[in-house]
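Undergrad: Sharing a structure with you now.
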There are 2 protein chains.
Amino acid sequence: MITAPGFSSTFEPALLQEMQECGELKHFKEGDVIMDYGKYIRMMPIIVKGTIKVLRMDEKGKEILLYYLSSNESCSMAYSCCVEAKKSEVRAIAEDDVDLIAIPHNKLDEWLCKYPSWKNYIMRSFNERFLELLKSIESIAFHKLDERLIAYLKEKQRLTGSSVIKVSHYVIADDLATSRVVISRLLKQLENEGKILLYRNEIKLLKDFN
Amino acid sequence: MITAPGFSSTFEPALLQEMQECGELKHFKEGDVIMDYGKYIRMMPIIVKGTIKVLRMDEKGKEILLYYLSSNESCSMAYSCCVEAKKSEVRAIAEDDVDLIAIPHNKLDEWLCKYPSWKNYIMRSFNERFLELLKSIESIAFHKLDERLIAYLKEKQRLTGSSVIKVSHYVIADDLATSRVVISRLLKQLENEGKILLYRNEIKLLKDFN
DNA sequence: TTTTTCATGTAACTTTTGTCACATTCAATT
DNA sequence: AATTGAATGTGACAAAAGTTACATGAAAAA
């Protein structure tokens, strides 16, 4: 039974019915790779529970965080890849435990004409993902690392709903496409300013942080 | 009469017919603003001739180049904005003289179901634009300014089909979101390496450049 | 407990990028 | 021809980010 929050207000009843019939409910554990570079994508995922991290790698193997996907969202790049039968240009990793509905690619087209709510959902997704990428570009192009780091921590806070961020400096460095030493340095600076507290694999955001 | 190269192989005859009837042929001169921040978009442009430059601005007014659109291409962000009745998040400027067909927003949806070639075109556009944005992110995140500058000049060369680039250092600096002095410095370096020649408002790419 | 592995701290240094100030040069206008 | 304004050149310096090397500490494994 599909029971994502907001699903019934997003999709019309007949479509929900079809999604139950054709969609495959899948489960991923923290760290599982859901999509990977060069792999064909035959299903479009709609997230029911949990958070997915979407990454892009350069030639030398450095990876940068593009955006997160959470409840009720889906990856537009997966959609156009499915329809076009293209290989994935991104990697998607389960940030925590993830439940998703995988929609087979042959249904994507069909529903587009059949269900207005589906078409709206897809268009909204495209738009949201474009905006995420624009945000990402803005962040890298216009903001210095200290600001990007703060934005990164706030995003984590928003996604988890907690002021205690469980992540190593090394992972942050990867996500922001910089080096661990630089992140440690900036974090220490934030700690000295009384905005955060640092522990092993853990960063606590204080009142002053926001 | 619509006569873009490749149009008849992209769209089915019946759709071409409808495009002629409903689409409005528009002309823009170099420098004209085709889309702008915060403006509603009611038509989706398909470029027949010329090149459009798509930009994104930050809060402080700094602008960065996202990508170029040329013959037979269209702006996916315009599409999803049209369908969703959203304001534009980007600025689009005619790089040279541009002819385009403006498709009214009410047709976009209709054709999606009616013409498979339209649906394919739209999906391909979405995918291409995503890839452009990914390329842009990669460029900013993983490459130093000298490499980005070289890529920028090569792209100009590709688009114009000429090794003589007509652009000021100031414009390049804007497009790459840096300062004019920095660009002048890097260009002078390339000139000293025998890869380019510098003139006023003009950069000549030499054999060694490629 | 001891060892090993991973995470973090930090100093010292380099490279890259950004900024300011001012000179020079080219081309259009008066 | 003289004036003006935009484009470019360049030195000097500051700030930001990247790199190397090594120390310390904390947790997991032997």
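Identifiers in the structure tokens: chain A, B, ... in order shown; residue index from 1 per chain; ligand index from 1 in order shown.
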Contacts between chain C and chain B, please, where a residue of chain B counts if it comes within 12 Å (with only C-alpha atoms (C1' of nucleotides)); show its shortest atom pair and distance in Å to one decimal, rows by chain and ascending number, as a tab-separated table.
TA:
```
residue	atom	partner	partner_atom	distance
B:His143	CA	C:DT16	C1'	11.6
B:Lys144	CA	C:DT16	C1'	8.2
B:Leu145	CA	C:DT17	C1'	8.6
B:Asp146	CA	C:DT16	C1'	10.1
B:Ala177	CA	C:DG18	C1'	11.6
B:Thr178	CA	C:DG18	C1'	8.3
B:Ser179	CA	C:DG18	C1'	7.5
B:Arg180	CA	C:DG18	C1'	10.3
B:Val181	CA	C:DG18	C1'	8.9
B:Val182	CA	C:DT17	C1'	7.6
B:Ile183	CA	C:DT17	C1'	10.6
B:Arg185	CA	C:DT17	C1'	11.1
B:Leu186	CA	C:DT17	C1'	11.2
B:Tyr199	CA	C:DC26	C1'	9.8
B:Arg200	CA	C:DC26	C1'	7.5
B:Asn201	CA	C:DC26	C1'	10.5
```
Undergrad: May I have all residues of range 4-193 of chain A that DSSP, computed from the backbone, assigns to strand (DSSP E or B), given as a PyMOL selection string?
TA: chain A and resi 24-28+33-35+40+43-49+51-57+63-70+74+87+91-94+98-104+164-165
Undergrad: Would you mind listing, for every residue of chain D within 8 Å of chain A, the two atoms forming the shortest contact and the distance between them in Å to one decimal, using only C-alpha atoms (C1' of nucleotides), sorted by chain and ascending residue number, as JSON lines?
TA:
```
{"residue": "D:DA17", "atom": "C1'", "partner": "A:Val182", "partner_atom": "CA", "distance": 7.5}
{"residue": "D:DG18", "atom": "C1'", "partner": "A:Ser179", "partner_atom": "CA", "distance": 7.5}
{"residue": "D:DA26", "atom": "C1'", "partner": "A:Arg200", "partner_atom": "CA", "distance": 7.7}
```
Undergrad: Identify all chain B residues at most 7 Å from chain A by counting only C-alpha atoms; ligands do not count. Present them as a PDB file with C-alpha atoms, in the first residue's frame.
TA:
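Writing the result to selection_20.pdb gives the following:
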```
ATOM      1  CA  ASP B  58      22.849  36.502  -8.083  1.00  0.00           C
ATOM      2  CA  MET B  77      13.033  26.480 -18.605  1.00  0.00           C
ATOM      3  CA  SER B  80       8.138  24.484 -17.775  1.00  0.00           C
ATOM      4  CA  CYS B 113      -0.347  14.065 -26.519  1.00  0.00           C
ATOM      5  CA  MET B 123      12.041  15.515 -23.725  1.00  0.00           C
ATOM      6  CA  ASN B 127      17.707  16.381 -21.266  1.00  0.00           C
ATOM      7  CA  LEU B 133      23.701  22.900 -16.602  1.00  0.00           C
ATOM      8  CA  ILE B 137      28.504  23.165 -12.728  1.00  0.00           C
ATOM      9  CA  GLU B 138      31.450  20.931 -13.574  1.00  0.00           C
ATOM     10  CA  ILE B 140      32.864  26.113 -12.222  1.00  0.00           C
ATOM     11  CA  ALA B 141      33.391  23.504  -9.547  1.00  0.00           C
ATOM     12  CA  ALA B 177      31.624  35.641 -13.026  1.00  0.00           C
TER      13      ALA B 177
END
```
Undergrad: Provide the CA of Trp118 in chain B to CA of Val54 in chain A distance in Å, to one decimal place.
TA: 28.9 Å
Undergrad: Just the residues within 9 Å of Gly23 in chain A, please, counting only C-alpha atoms (C1' of nucleotides), with nothing from its chain fewer than 6 positions along; format it as a ChimeraX atom specification.
TA: /A:101-104
Undergrad: Store the residues picked out above in a file with C-alpha atoms, as a CSV table (one decimal), in the first residue's frame.
TA:
```
chain,number,residue,atom,x,y,z
A,101,ILE,CA,8.0,3.7,-6.0
A,102,ALA,CA,9.7,2.7,-9.3
A,103,ILE,CA,7.5,3.5,-12.3
A,104,PRO,CA,8.3,1.5,-15.4
```
